[in-house]
Amino acid sequence: MKNPNRGRVYRRCACRGADGRQLGARCPKLTNRKHGIWTYAVDLPTLDGKRRTRRRSGFATKADAQVALSKLLEYERTGIIIDDRQTVADYLVSWLRAKALALKPTTMANYHAYVHKDLIPHVGLIRLEDLSHQHVVLYVRNQLEAGRGHTTLRRCVATLSSALGDAVRQHRLPYNAAKYVSVTRPTKYEPTCWSPAEAAQFLKYCAESNEPLTNLFELIIGTGMRKGEALALHWADIHLDEHVLFVRQTLSNINNTTPVFTTPKTKSSLAWIGLSDRVTAALQNQAERQPDRALVFTRRGGQPLRPEYVLHRFHKLTEQAGLSKIRVHDLRHFAATTMLSSQVPLAMASKTLRHSTLSTTTEIYGHLLRHVALDAVKAIETALKEAEAA
């Protein structure tokens, strides 16, 4: 077992002798306690079995140098990889390089922005081992005082926590300094949903205006598909005779400029969706409008529709139709609201929306499930009455 008390702490200086070399610990002026700086030195093992002496200077007192030496030896004892020259910026850049092999391009673009535009400018110069919970708390506090949005700040802290969590798992750090730093959640967005009459008014206006995106909006409203999923839809994944389609991809934008096809939001999103007669007719109409295309919805040259164009066009049509302004994603909420308000079983609605769990559907749309609660207690009442009558 290695001696936990090995290493030494001493004073040295930068004075040079007649030969031009630093005197270090041999300087005669070190008899003056105010001369020189405190240093520690310790031999550390290397992968090739050779001895490597670690020396670090710059400590104001002997106690400070001893604490740093003890920390180094404790890291070694617990298997932590020691590299006290690596800064937070150095580590985050190398972490991003490794994550690029596994993350979606859109997620990678977000991580890159959080790391380079937010984290590195504020905590990048700190040595990785020195980054503390207090550093992260101070970063959050300063950002909030500067008026930074809670949502973006939460994502920045989550990115830092993910990176530090990997460092802990790789025995690079003893703990995650960002793990327990919380940012107050912003007020939960309450989706604005059209009524069936408003949705019908919108679709009628689109059809009468000969709007090229009419069939796209028919599909989203009639199935609850996400915008990116509808824009990534290929004819090969549609079976009109069977009234079903299969969701395989989603279309996203990197930095709002570069469209990319990626896998859907969750594993449960990869699933079959049923098609009503109305939606089937809209897709048949789309096939006649754009024959011999792999993608269902494209620009004139066959390229994918840009998500931001669809959003801007949707807002323009909404205004022209005299309807309240909502997001394209709120059309998905309309589909969910309509299903649940029509007393479609929760499990069926959740399956159609392709939520990962029933609890997700309940959390988002629980306010629409009062009829379910009433049906449940009525079932108990009926059972009791039947038992009493027997």
# chains A, B, ... in the order shown; residues from 1 in each chain; ligands from 1

$ residues_around --residues "stretch 89-103 of chain A" --least-positions-apart "4" --cutoff "9 Å" --atoms "only C-alpha atoms" --output "list in words"
Thr107, Met108, Tyr111, His112, Val115, His116, Leu119, Ile120, Pro121, Val123, Gly124, Leu125, Ile126, Arg127, Leu128, Leu160, Ala163, Leu164, Asp166 and Ala167 of chain A

$ write_last_selection --atoms "all heavy atoms" --output "short mmCIF file (atom, residue, chain, number, x, y, z; two decimals), in the first residue's frame"
data_model
loop_
_atom_site.label_atom_id
_atom_site.label_comp_id
_atom_site.auth_asym_id
_atom_site.auth_seq_id
_atom_site.Cartn_x
_atom_site.Cartn_y
_atom_site.Cartn_z
N THR A 107 -29.27 17.79 -31.28
CA THR A 107 -28.88 17.82 -29.86
C THR A 107 -27.43 18.29 -29.74
O THR A 107 -27.09 19.09 -28.85
CB THR A 107 -29.03 16.43 -29.23
OG1 THR A 107 -30.36 15.96 -29.43
CG2 THR A 107 -28.72 16.46 -27.74
N MET A 108 -26.58 17.81 -30.63
CA MET A 108 -25.17 18.19 -30.62
C MET A 108 -25.02 19.70 -30.84
O MET A 108 -24.20 20.35 -30.19
CB MET A 108 -24.42 17.42 -31.70
CG MET A 108 -22.93 17.57 -31.64
SD MET A 108 -22.28 16.91 -30.10
CE MET A 108 -20.69 17.74 -30.05
N TYR A 111 -25.89 21.42 -27.57
CA TYR A 111 -24.81 21.25 -26.60
C TYR A 111 -23.63 22.15 -26.95
O TYR A 111 -23.02 22.76 -26.06
CB TYR A 111 -24.35 19.79 -26.58
CG TYR A 111 -25.15 18.88 -25.67
CD1 TYR A 111 -26.39 19.25 -25.19
CD2 TYR A 111 -24.67 17.62 -25.30
CE1 TYR A 111 -27.13 18.42 -24.36
CE2 TYR A 111 -25.40 16.78 -24.47
CZ TYR A 111 -26.62 17.19 -24.01
OH TYR A 111 -27.34 16.36 -23.19
N HIS A 112 -23.30 22.22 -28.22
CA HIS A 112 -22.17 23.05 -28.66
C HIS A 112 -22.41 24.51 -28.29
O HIS A 112 -21.51 25.21 -27.82
CB HIS A 112 -21.98 22.91 -30.17
CG HIS A 112 -20.73 23.55 -30.69
ND1 HIS A 112 -20.68 24.91 -30.99
CD2 HIS A 112 -19.48 23.06 -30.94
CE1 HIS A 112 -19.47 25.20 -31.42
NE2 HIS A 112 -18.72 24.11 -31.40
N VAL A 115 -22.15 25.01 -24.44
CA VAL A 115 -20.77 24.90 -23.96
C VAL A 115 -19.96 26.13 -24.35
O VAL A 115 -19.29 26.75 -23.51
CB VAL A 115 -20.11 23.62 -24.51
CG1 VAL A 115 -18.59 23.69 -24.34
CG2 VAL A 115 -20.66 22.39 -23.80
N HIS A 116 -20.01 26.51 -25.63
CA HIS A 116 -19.12 27.57 -26.12
C HIS A 116 -19.65 28.98 -25.87
O HIS A 116 -18.85 29.91 -25.68
CB HIS A 116 -18.86 27.37 -27.62
CG HIS A 116 -17.95 26.22 -27.91
ND1 HIS A 116 -16.58 26.32 -27.82
CD2 HIS A 116 -18.22 24.93 -28.26
CE1 HIS A 116 -16.02 25.15 -28.12
NE2 HIS A 116 -17.00 24.29 -28.38
N LEU A 119 -21.14 28.25 -21.02
CA LEU A 119 -20.36 27.67 -19.93
C LEU A 119 -18.89 28.08 -19.97
O LEU A 119 -18.33 28.52 -18.96
CB LEU A 119 -20.49 26.14 -19.98
CG LEU A 119 -21.92 25.63 -19.76
CD1 LEU A 119 -21.99 24.12 -19.98
CD2 LEU A 119 -22.41 25.98 -18.36
N ILE A 120 -18.24 27.93 -21.12
CA ILE A 120 -16.81 28.23 -21.19
C ILE A 120 -16.51 29.70 -20.87
O ILE A 120 -15.56 29.98 -20.11
CB ILE A 120 -16.24 27.83 -22.57
CG1 ILE A 120 -16.13 26.31 -22.66
CG2 ILE A 120 -14.87 28.48 -22.81
CD1 ILE A 120 -15.59 25.79 -23.98
N PRO A 121 -17.28 30.67 -21.36
CA PRO A 121 -16.98 32.07 -21.00
C PRO A 121 -17.09 32.36 -19.51
O PRO A 121 -16.46 33.31 -19.02
CB PRO A 121 -18.03 32.87 -21.79
CG PRO A 121 -18.39 32.00 -22.94
CD PRO A 121 -18.34 30.60 -22.39
N VAL A 123 -17.12 29.70 -16.73
CA VAL A 123 -16.42 28.80 -15.79
C VAL A 123 -15.28 28.06 -16.47
O VAL A 123 -14.64 27.20 -15.85
CB VAL A 123 -17.39 27.78 -15.16
CG1 VAL A 123 -18.45 28.47 -14.33
CG2 VAL A 123 -18.05 26.90 -16.24
N GLY A 124 -14.99 28.39 -17.71
CA GLY A 124 -14.00 27.65 -18.48
C GLY A 124 -12.58 27.71 -17.96
O GLY A 124 -11.81 26.77 -18.13
N LEU A 125 -12.20 28.81 -17.32
CA LEU A 125 -10.81 28.98 -16.87
C LEU A 125 -10.51 28.25 -15.55
O LEU A 125 -9.35 28.12 -15.16
CB LEU A 125 -10.49 30.47 -16.71
CG LEU A 125 -10.49 31.29 -18.00
CD1 LEU A 125 -10.17 32.74 -17.70
CD2 LEU A 125 -9.50 30.71 -19.01
N ILE A 126 -11.54 27.78 -14.87
CA ILE A 126 -11.34 27.07 -13.60
C ILE A 126 -10.76 25.69 -13.87
O ILE A 126 -11.17 25.01 -14.82
CB ILE A 126 -12.68 26.93 -12.85
CG1 ILE A 126 -13.29 28.31 -12.60
CG2 ILE A 126 -12.49 26.17 -11.54
CD1 ILE A 126 -14.70 28.27 -12.06
N ARG A 127 -9.81 25.27 -13.06
CA ARG A 127 -9.29 23.91 -13.21
C ARG A 127 -10.41 22.93 -12.89
O ARG A 127 -11.20 23.15 -11.97
CB ARG A 127 -8.11 23.68 -12.26
CG ARG A 127 -6.83 24.40 -12.71
CD ARG A 127 -5.71 24.15 -11.75
NE ARG A 127 -4.46 24.77 -12.21
CZ ARG A 127 -3.34 24.78 -11.51
NH1 ARG A 127 -3.32 24.22 -10.30
NH2 ARG A 127 -2.26 25.35 -12.00
N LEU A 128 -10.47 21.86 -13.65
CA LEU A 128 -11.59 20.94 -13.54
C LEU A 128 -11.76 20.43 -12.11
O LEU A 128 -12.88 20.39 -11.58
CB LEU A 128 -11.40 19.75 -14.49
CG LEU A 128 -12.56 18.76 -14.55
CD1 LEU A 128 -13.84 19.45 -15.01
CD2 LEU A 128 -12.22 17.59 -15.47
N LEU A 160 -23.94 20.96 -18.31
CA LEU A 160 -22.76 20.89 -17.46
C LEU A 160 -22.83 19.68 -16.54
O LEU A 160 -21.85 18.95 -16.36
CB LEU A 160 -22.63 22.17 -16.63
CG LEU A 160 -21.45 22.24 -15.66
CD1 LEU A 160 -20.12 22.12 -16.40
CD2 LEU A 160 -21.49 23.54 -14.85
N ALA A 163 -22.03 16.54 -18.45
CA ALA A 163 -20.60 16.42 -18.72
C ALA A 163 -19.83 16.01 -17.46
O ALA A 163 -18.97 15.12 -17.51
CB ALA A 163 -20.06 17.76 -19.24
N LEU A 164 -20.14 16.63 -16.34
CA LEU A 164 -19.45 16.29 -15.09
C LEU A 164 -19.84 14.90 -14.61
O LEU A 164 -19.03 14.20 -14.00
CB LEU A 164 -19.78 17.34 -14.02
CG LEU A 164 -19.32 18.77 -14.32
CD1 LEU A 164 -19.71 19.70 -13.19
CD2 LEU A 164 -17.82 18.83 -14.59
N ASP A 166 -20.36 12.37 -16.54
CA ASP A 166 -19.49 11.47 -17.29
C ASP A 166 -18.09 11.45 -16.70
O ASP A 166 -17.43 10.41 -16.65
CB ASP A 166 -19.42 11.91 -18.76
CG ASP A 166 -20.67 11.54 -19.54
OD1 ASP A 166 -21.48 10.73 -19.02
OD2 ASP A 166 -20.85 12.05 -20.66
N ALA A 167 -17.62 12.62 -16.24
CA ALA A 167 -16.28 12.69 -15.63
C ALA A 167 -16.22 11.85 -14.35
O ALA A 167 -15.21 11.19 -14.09
CB ALA A 167 -15.92 14.15 -15.32
#

$ atom_distance --atom1 "atom CA of A:Thr106" --atom2 "atom CA of A:Leu331"
23.0 Å

$ select_by_dssp --residues "stretch 130-365 of chain A" --states "alpha helix (DSSP H)" --output "PyMOL selection string"
chain A and resi 133-145+150-169+196-208+214-223+227-231+277-289+307-320+330-341+346-353+358-365

$ atom_distance --atom1 "atom CA of A:Arg56" --atom2 "atom CA of A:Arg169"
26.7 Å

$ closest_residue --among "A:Glu76, A:Glu288, A:Asp237, A:Glu242" --to "A:Leu270" --atoms "only C-alpha atoms"
A:Asp237

$ atom_distance --atom1 "atom CA of A:Gly274" --atom2 "atom CA of A:Leu231"
17.4 Å

$ closest_residue --among "A:Val137, A:Leu44, A:Ala232, A:Ile221" --to "A:Gln303" --atoms "only C-alpha atoms"
A:Ala232

$ residues_around --residues "A:Ala336" --least-positions-apart "4" --cutoff "7 Å" --atoms "only C-alpha atoms" --output "NGL selection string"
:A and (224 or 332 or 340 or 349)

$ select_by_dssp --residues "stretch 23-126 of chain A" --states "strand (DSSP E)" --output "list of chain:residue names"
A:Leu23, A:Gly24, A:Ile37, A:Trp38, A:Thr39, A:Tyr40, A:Ala41, A:Val42, A:Asp43, A:Leu44, A:Arg52, A:Thr53, A:Arg54, A:Arg55, A:Arg56, A:Ser57, A:Gly58, A:Phe59

$ write_last_selection --atoms "C-alpha atoms" --output "PDB file, in the first residue's frame"
ATOM      1  CA  LEU A  23      18.229  28.218  -7.141  1.00  0.00           C
ATOM      2  CA  GLY A  24      14.807  26.871  -6.112  1.00  0.00           C
ATOM      3  CA  ILE A  37       6.557  30.470  -2.296  1.00  0.00           C
ATOM      4  CA  TRP A  38       5.339  27.208  -0.872  1.00  0.00           C
ATOM      5  CA  THR A  39       5.541  24.106  -3.049  1.00  0.00           C
ATOM      6  CA  TYR A  40       4.758  20.417  -2.832  1.00  0.00           C
ATOM      7  CA  ALA A  41       6.413  17.496  -4.616  1.00  0.00           C
ATOM      8  CA  VAL A  42       5.388  13.859  -4.711  1.00  0.00           C
ATOM      9  CA  ASP A  43       6.199  10.813  -6.832  1.00  0.00           C
ATOM     10  CA  LEU A  44       3.226   9.413  -8.730  1.00  0.00           C
ATOM     11  CA  ARG A  52       7.006  10.804 -12.249  1.00  0.00           C
ATOM     12  CA  THR A  53       7.425  13.639  -9.802  1.00  0.00           C
ATOM     13  CA  ARG A  54       4.545  16.071  -9.549  1.00  0.00           C
ATOM     14  CA  ARG A  55       5.546  19.545  -8.384  1.00  0.00           C
ATOM     15  CA  ARG A  56       3.171  22.432  -7.891  1.00  0.00           C
ATOM     16  CA  SER A  57       4.060  25.893  -6.586  1.00  0.00           C
ATOM     17  CA  GLY A  58       2.314  29.138  -5.836  1.00  0.00           C
ATOM     18  CA  PHE A  59       0.816  28.431  -2.412  1.00  0.00           C
TER      19      PHE A  59
END
